[in-house]
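Before any comments, here is the structure.
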Amino acid sequence: MPQGELAQVLREVTDRADERMIVGPQTLDDAGVVVLGAREGLPSGVHLALVQTVDFFPPVVDDPRFYGAIAAANSLSDVYAMGGKPFTALSLAGFPKDFPKEWRAEILRGGYDKIRESGAILCGGHTVESEVQFGYSITGLIDPARVTTNAGAKAGDVAYLTKPLGMGCLTTAAKLKKITWRELEPAARQMATLNDKACEAMHAAGAHACTDITGFGLVGHAMNIARASELAFEIRVGDVPLFPGALELARKGLFSGGAKRGRTTLAPEVEVGGGLEEARVNLLFDAETSGGLLIVLPEAHAAALERELNARDLPVVRIGRFEARREKRILLR
């Protein structure tokens, strides 16, 4: 569902009066956060909050085990983006009546492998007869003082991206038989990689805002931070990391549907600088699957984050800076 439509629906159905909900859907954050306290039976002085999210989608790759792993990593990512630690998981699955049992088993195994890797507990789930869909509802735990909401950015903050872009182009090309599984498999491995280490680095460096880059693309998710924080975000387009082969596919027009939809929806709030290659710009709008974290922190903490990312063998890529609010929320330079 487009961001604008989603925001309108959520505004109509959420309860903003309950003080236990410290992060709700109003700012289109990655997950909801609710504080537990005396009303829930906790002793005085205990500081604990739940991070709650759910995500599922149809297959993005033909390999069933990779599909399950990617769906799980994508679901878990929302908890990491809020700074939390996954605690429990419930699977959500839809399979046609004639779906091969061995494929179903492989999807579930792939997902379980990632849930176990995250340290979360798989508590059960729900399955329906439908077209193929798979994912998880995840509950995470966090100290309420350590939540990295998309409303936490400050003017002068810098932003780092922990995975290269291009998953929309690569999965679209594979569906259209323009690339082989051998060419897609490295991207599948990236999509199946958890954002747990990036979350650890973010906390160690003292970041105060974050989002993960998924279905709304880099510009869409960065826009959510800019709006919620009442700022503008300048992205250095040439510094944004791209997955090998993605730009070549983009130049051939092999985008997911999210690229055109995102650019049309977000255009009024985006300023595109002159001289930028159209294919590269469109990649910033294209939908990602299980993308990296966009970590936001003061420039004074940037060196610490770079050390922490290096120590975990993660990419160290600064892509932009948040500034005081302008007429346009996103500036592509």
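We name chains A, B, ... following the order of the structure tokens; residues begin at 1 in each chain, and ligands are numbered from 1 as shown.
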
Produce a table with one row for each residue of segment 156-243 of chain A that has an atom at most 8 Å from any atom of segment 309-328 of chain A, each row naming the nearest atom pair and its distance in Å at one decimal; use only C-alpha atoms; arrange rows by chain and rising residue number; format as JSON lines.
{"residue": "A:Gly156", "atom": "CA", "partner": "A:Phe322", "partner_atom": "CA", "distance": 5.5}
{"residue": "A:Asp157", "atom": "CA", "partner": "A:Phe322", "partner_atom": "CA", "distance": 5.3}
{"residue": "A:Val158", "atom": "CA", "partner": "A:Arg321", "partner_atom": "CA", "distance": 4.3}
{"residue": "A:Ala159", "atom": "CA", "partner": "A:Gly320", "partner_atom": "CA", "distance": 5.5}
{"residue": "A:Tyr160", "atom": "CA", "partner": "A:Arg318", "partner_atom": "CA", "distance": 4.3}
{"residue": "A:Leu161", "atom": "CA", "partner": "A:Val317", "partner_atom": "CA", "distance": 5.8}
{"residue": "A:Thr162", "atom": "CA", "partner": "A:Pro315", "partner_atom": "CA", "distance": 5.6}
{"residue": "A:Lys163", "atom": "CA", "partner": "A:Pro315", "partner_atom": "CA", "distance": 7.0}
{"residue": "A:Lys197", "atom": "CA", "partner": "A:Arg312", "partner_atom": "CA", "distance": 6.6}
{"residue": "A:Ala198", "atom": "CA", "partner": "A:Leu309", "partner_atom": "CA", "distance": 6.9}
{"residue": "A:Ala201", "atom": "CA", "partner": "A:Leu309", "partner_atom": "CA", "distance": 5.8}
{"residue": "A:Ala226", "atom": "CA", "partner": "A:Phe322", "partner_atom": "CA", "distance": 7.8}
{"residue": "A:Glu230", "atom": "CA", "partner": "A:Arg325", "partner_atom": "CA", "distance": 6.1}
{"residue": "A:Leu231", "atom": "CA", "partner": "A:Arg325", "partner_atom": "CA", "distance": 4.2}
{"residue": "A:Ala232", "atom": "CA", "partner": "A:Arg325", "partner_atom": "CA", "distance": 4.8}
{"residue": "A:Phe233", "atom": "CA", "partner": "A:Phe322", "partner_atom": "CA", "distance": 4.4}
{"residue": "A:Glu234", "atom": "CA", "partner": "A:Gly320", "partner_atom": "CA", "distance": 5.4}
{"residue": "A:Ile235", "atom": "CA", "partner": "A:Gly320", "partner_atom": "CA", "distance": 4.4}
{"residue": "A:Arg236", "atom": "CA", "partner": "A:Ile319", "partner_atom": "CA", "distance": 5.5}
{"residue": "A:Val237", "atom": "CA", "partner": "A:Ile319", "partner_atom": "CA", "distance": 7.4}
{"residue": "A:Asp239", "atom": "CA", "partner": "A:Ile319", "partner_atom": "CA", "distance": 5.5}
{"residue": "A:Val240", "atom": "CA", "partner": "A:Ile319", "partner_atom": "CA", "distance": 5.5}
{"residue": "A:Pro241", "atom": "CA", "partner": "A:Val317", "partner_atom": "CA", "distance": 7.3}

Spatial neighbours of segment 67-74 of chain A, 9 Å, only C-alpha atoms, chain gap at least 3 places, as JSON, numbers by chain: {"A": [55, 56, 57, 58, 59, 60, 61, 62, 63, 64, 77, 78, 91, 106, 107, 108, 109, 110, 111, 112, 113, 114, 115, 118, 134, 135, 136, 188, 189, 190, 191, 192, 193, 194, 195, 214, 289, 290, 291]}

Selected residues, N, CA and C atoms, written as a CSV table (one decimal), in the first residue's frame, please.
chain,number,residue,atom,x,y,z
A,55,ASP,N,5.4,-8.7,9.2
A,55,ASP,CA,5.7,-8.5,7.8
A,55,ASP,C,5.6,-9.8,7.1
A,56,PHE,N,5.0,-9.9,5.9
A,56,PHE,CA,5.0,-11.1,5.1
A,56,PHE,C,4.8,-10.6,3.7
A,57,PHE,N,5.3,-11.5,2.7
A,57,PHE,CA,5.2,-11.1,1.3
A,57,PHE,C,5.3,-12.3,0.4
A,58,PRO,N,4.9,-12.2,-0.9
A,58,PRO,CA,5.1,-13.4,-1.8
A,58,PRO,C,6.5,-13.6,-2.1
A,59,PRO,N,6.8,-14.7,-2.8
A,59,PRO,CA,8.2,-15.1,-3.0
A,59,PRO,C,9.0,-14.0,-3.8
A,60,VAL,N,10.2,-13.8,-3.4
A,60,VAL,CA,11.1,-12.8,-4.1
A,60,VAL,C,12.2,-13.6,-4.8
A,61,VAL,N,12.4,-14.9,-4.5
A,61,VAL,CA,13.3,-15.7,-5.2
A,61,VAL,C,12.7,-17.1,-5.4
A,62,ASP,N,13.2,-17.9,-6.3
A,62,ASP,CA,12.6,-19.2,-6.6
A,62,ASP,C,13.0,-20.3,-5.6
A,63,ASP,N,14.1,-20.1,-4.9
A,63,ASP,CA,14.6,-21.1,-4.0
A,63,ASP,C,13.8,-21.0,-2.7
A,64,PRO,N,13.1,-22.1,-2.3
A,64,PRO,CA,12.1,-22.0,-1.2
A,64,PRO,C,12.8,-21.7,0.1
A,77,SER,N,14.2,-7.4,10.9
A,77,SER,CA,14.9,-6.2,10.7
A,77,SER,C,14.2,-5.0,11.3
A,78,ASP,N,12.9,-5.0,11.4
A,78,ASP,CA,12.1,-3.9,12.0
A,78,ASP,C,12.5,-3.7,13.5
A,91,SER,N,4.9,-17.4,13.0
A,91,SER,CA,4.9,-17.4,11.5
A,91,SER,C,3.6,-17.2,11.0
A,106,GLU,N,10.7,-26.5,3.2
A,106,GLU,CA,11.9,-25.8,3.0
A,106,GLU,C,11.7,-24.3,3.3
A,107,ILE,N,10.6,-23.7,3.0
A,107,ILE,CA,10.3,-22.3,3.4
A,107,ILE,C,10.3,-22.2,4.9
A,108,LEU,N,9.6,-23.1,5.6
A,108,LEU,CA,9.5,-23.0,7.0
A,108,LEU,C,10.9,-23.2,7.7
A,109,ARG,N,11.7,-24.2,7.1
A,109,ARG,CA,13.0,-24.4,7.6
A,109,ARG,C,13.9,-23.2,7.4
A,110,GLY,N,13.9,-22.6,6.3
A,110,GLY,CA,14.7,-21.4,6.0
A,110,GLY,C,14.3,-20.3,7.0
A,111,GLY,N,13.0,-20.1,7.2
A,111,GLY,CA,12.6,-19.0,8.2
A,111,GLY,C,13.1,-19.4,9.6
A,112,TYR,N,12.9,-20.6,10.0
A,112,TYR,CA,13.3,-21.0,11.3
A,112,TYR,C,14.8,-20.8,11.6
A,113,ASP,N,15.6,-21.2,10.6
A,113,ASP,CA,17.0,-21.0,10.7
A,113,ASP,C,17.4,-19.5,11.1
A,114,LYS,N,16.7,-18.6,10.5
A,114,LYS,CA,17.0,-17.2,10.8
A,114,LYS,C,16.4,-16.7,12.2
A,115,ILE,N,15.2,-17.2,12.5
A,115,ILE,CA,14.7,-16.9,13.8
A,115,ILE,C,15.6,-17.4,14.9
A,118,SER,N,18.7,-15.4,15.3
A,118,SER,CA,18.5,-14.1,15.9
A,118,SER,C,18.4,-14.2,17.5
A,134,PHE,N,4.5,-15.4,3.0
A,134,PHE,CA,5.2,-15.9,4.2
A,134,PHE,C,5.9,-14.8,4.9
A,135,GLY,N,5.9,-14.9,6.2
A,135,GLY,CA,6.6,-13.9,7.0
A,135,GLY,C,6.4,-14.2,8.5
A,136,TYR,N,6.6,-13.2,9.3
A,136,TYR,CA,6.5,-13.4,10.8
A,136,TYR,C,6.0,-12.1,11.5
A,188,ALA,N,20.6,-12.8,-2.9
A,188,ALA,CA,19.7,-13.5,-2.0
A,188,ALA,C,20.4,-13.7,-0.6
A,189,ARG,N,21.7,-13.9,-0.7
A,189,ARG,CA,22.5,-14.0,0.6
A,189,ARG,C,22.5,-12.7,1.3
A,190,GLN,N,22.6,-11.6,0.6
A,190,GLN,CA,22.5,-10.3,1.3
A,190,GLN,C,21.2,-10.2,2.0
A,191,MET,N,20.1,-10.4,1.2
A,191,MET,CA,18.7,-10.3,1.8
A,191,MET,C,18.5,-11.2,3.0
A,192,ALA,N,19.2,-12.3,3.0
A,192,ALA,CA,19.0,-13.2,4.1
A,192,ALA,C,19.9,-12.9,5.3
A,193,THR,N,20.7,-11.9,5.2
A,193,THR,CA,21.6,-11.5,6.3
A,193,THR,C,20.9,-10.6,7.3
A,194,LEU,N,21.0,-11.0,8.6
A,194,LEU,CA,20.4,-10.2,9.6
A,194,LEU,C,21.1,-8.9,9.8
A,195,ASN,N,20.3,-7.9,10.4
A,195,ASN,CA,20.8,-6.6,10.7
A,195,ASN,C,21.2,-6.5,12.2
A,214,THR,N,13.4,-1.0,3.2
A,214,THR,CA,12.7,-2.1,2.7
A,214,THR,C,11.7,-1.6,1.6
A,289,THR,N,14.2,-5.3,-0.5
A,289,THR,CA,13.8,-6.4,0.4
A,289,THR,C,14.9,-6.7,1.4
A,290,SER,N,14.5,-6.6,2.7
A,290,SER,CA,15.5,-6.9,3.7
A,290,SER,C,16.8,-6.1,3.5
A,291,GLY,N,16.6,-4.8,3.4
A,291,GLY,CA,17.8,-3.9,3.2
A,291,GLY,C,18.5,-3.6,4.5

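Shortest atom-to-atom contact with Lys178 of chain A among A:Val132, A:Leu249, A:Ala228, A:Ala155: A:Leu249, counting only C-alpha atoms.
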
Counting only C-alpha atoms, the option among A:Ala222, A:Leu76, A:Ala105, A:Ala303 closest to Gly119 of chain A: A:Leu76

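Of the listed residues A:Arg20, A:His301, A:Lys97, A:Lys260, the one whose atoms come nearest to Leu283 of chain A is A:Lys260, with distances taken using only C-alpha atoms.
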
Rank nothing, just name the residue among A:Met82, A:Val33, A:Ala204, A:Ile121 nearest to Thr148 of chain A, using only C-alpha atoms.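 Of the candidates, the smallest distance to Thr148 of chain A is held by A:Met82.
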
From the set A:Ile142, A:Val219, A:Leu276, A:Ala304, which residue has the shortest atom-to-atom contact distance to Ala205 of chain A, counting only C-alpha atoms?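 Counting only C-alpha atoms, the residue closest to Ala205 of chain A is A:Ala304.
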
Of A:Leu92, A:Ile22, A:Met167, A:Ala246, the one nearest to His126 of chain A when counting only C-alpha atoms is A:Leu92

DSSP-assigned strand (DSSP E or B) members of segment 67-212 of chain A, reported as a VMD selection string: chain A and resid 85 to 95 121 to 129 133 to 142 158 to 161 165 209 to 212

Would you mind exporting C-alpha atoms of the selected residues as a CSV table (one decimal), in the first residue's frame?
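Ended up saving to result_7.csv:
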chain,number,residue,atom,x,y,z
A,85,LYS,CA,16.5,-7.5,20.4
A,86,PRO,CA,14.1,-10.1,18.9
A,87,PHE,CA,12.4,-12.2,21.6
A,88,THR,CA,9.5,-14.2,20.1
A,89,ALA,CA,8.2,-15.0,16.7
A,90,LEU,CA,4.9,-16.2,15.1
A,91,SER,CA,4.9,-17.4,11.5
A,92,LEU,CA,2.3,-16.3,9.0
A,93,ALA,CA,1.9,-18.4,5.9
A,94,GLY,CA,-0.4,-18.8,3.0
A,95,PHE,CA,0.0,-21.8,0.6
A,121,ILE,CA,11.8,-18.1,20.2
A,122,LEU,CA,9.4,-19.4,17.6
A,123,CYS,CA,6.2,-19.9,19.5
A,124,GLY,CA,3.9,-21.0,16.7
A,125,GLY,CA,2.0,-19.4,13.9
A,126,HIS,CA,-1.0,-19.4,11.5
A,127,THR,CA,-1.4,-20.8,8.0
A,128,VAL,CA,-4.2,-20.3,5.5
A,129,GLU,CA,-4.9,-21.7,2.1
A,133,GLN,CA,2.8,-15.6,1.3
A,134,PHE,CA,5.2,-15.9,4.2
A,135,GLY,CA,6.6,-13.9,7.0
A,136,TYR,CA,6.5,-13.4,10.8
A,137,SER,CA,5.1,-11.3,13.6
A,138,ILE,CA,8.0,-10.5,15.8
A,139,THR,CA,8.1,-9.2,19.4
A,140,GLY,CA,11.4,-7.6,20.6
A,141,LEU,CA,12.6,-6.3,23.9
A,142,ILE,CA,14.2,-2.9,24.6
A,158,VAL,CA,25.0,12.2,9.4
A,159,ALA,CA,23.6,9.0,8.1
A,160,TYR,CA,25.3,5.6,7.2
A,161,LEU,CA,23.8,2.8,5.1
A,165,LEU,CA,20.8,-1.0,-2.8
A,209,ALA,CA,17.6,7.6,15.0
A,210,CYS,CA,17.3,4.7,12.5
A,211,THR,CA,15.2,3.0,9.9
A,212,ASP,CA,15.6,-0.1,7.8

Between atom CA of Ala207 of chain A and atom CA of Gly37 of chain A, what is the distance in Å, rounded to a tenth?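 Atom CA of Ala207 of chain A sits 25.7 Å away from atom CA of Gly37 of chain A.
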
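Note that the spacing between atom CA of Glu185 of chain A and atom CA of Tyr80 of chain A amounts to 24.1 Å.
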
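Going from atom CA of Ser130 of chain A to atom CA of Phe99 of chain A covers 9.9 Å.
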
Which of segment 243-310 of chain A counts as alpha helix (DSSP H) under DSSP, as a PyMOL selection string please? chain A and resi 246-251+257-266+278-285+302-310

Within 12 Å of Pro268 of chain A using only C-alpha atoms, minus same-chain residues under 4 positions, as a list of chain:residue names: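 Residues meeting the cut-off are A:Met223, A:Gly262, A:Arg263, A:Thr264, A:Val272, A:Glu327, A:Lys328, A:Arg329, A:Ile330, A:Leu331.
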
Same residues, N, CA and C atoms, saved as a short mmCIF file (atom, residue, chain, number, x, y, z; two decimals), in the first residue's frame:
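This went into part36.cif:
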data_model
loop_
_atom_site.label_atom_id
_atom_site.label_comp_id
_atom_site.auth_asym_id
_atom_site.auth_seq_id
_atom_site.Cartn_x
_atom_site.Cartn_y
_atom_site.Cartn_z
N MET A 223 12.55 9.63 3.91
CA MET A 223 11.49 10.64 4.01
C MET A 223 10.76 10.52 5.35
N GLY A 262 7.02 4.97 -6.07
CA GLY A 262 7.66 5.81 -5.07
C GLY A 262 8.01 7.18 -5.60
N ARG A 263 8.52 7.23 -6.82
CA ARG A 263 8.92 8.52 -7.37
C ARG A 263 7.70 9.40 -7.62
N THR A 264 6.61 8.81 -8.07
CA THR A 264 5.39 9.58 -8.31
C THR A 264 4.81 10.11 -7.00
N VAL A 272 15.63 16.91 -7.05
CA VAL A 272 16.66 16.13 -7.74
C VAL A 272 17.64 17.10 -8.40
N GLU A 327 11.93 23.62 2.00
CA GLU A 327 10.69 23.37 1.26
C GLU A 327 10.60 21.91 0.84
N LYS A 328 11.73 21.33 0.41
CA LYS A 328 11.78 19.92 0.03
C LYS A 328 12.41 19.12 1.15
N ARG A 329 11.84 17.96 1.43
CA ARG A 329 12.32 17.12 2.52
C ARG A 329 13.59 16.36 2.15
N ILE A 330 13.66 15.87 0.90
CA ILE A 330 14.79 15.08 0.43
C ILE A 330 15.50 15.82 -0.68
N LEU A 331 16.81 15.96 -0.56
CA LEU A 331 17.62 16.65 -1.56
C LEU A 331 18.60 15.65 -2.14
#

What's the 9 Å shell around Arg251 of chain A, counting only C-alpha atoms, without same-chain residues fewer than 3 positions away, as a compact mmCIF listing (two decimals) with N, CA and C atoms, in the first residue's frame?
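Output file selection01.txt follows:
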# COMPACT_ATOMS: atom_id res chain seq x y z
N ALA A 246 23.52 -4.10 -10.25
CA ALA A 246 22.22 -3.44 -10.13
C ALA A 246 22.11 -2.24 -11.07
N LEU A 247 23.16 -1.43 -11.17
CA LEU A 247 23.09 -0.24 -12.01
C LEU A 247 22.92 -0.63 -13.48
N GLU A 248 23.59 -1.67 -13.91
CA GLU A 248 23.46 -2.11 -15.30
C GLU A 248 22.01 -2.54 -15.58
N LEU A 254 14.97 -2.31 -15.59
CA LEU A 254 14.49 -3.48 -14.85
C LEU A 254 14.30 -3.15 -13.37
N GLU A 278 19.72 9.17 -14.47
CA GLU A 278 18.35 8.78 -14.17
C GLU A 278 18.25 7.39 -13.56
N ALA A 279 19.00 6.44 -14.09
CA ALA A 279 18.94 5.08 -13.58
C ALA A 279 19.38 5.02 -12.12
N ARG A 280 20.42 5.75 -11.78
CA ARG A 280 20.92 5.77 -10.41
C ARG A 280 19.90 6.41 -9.47
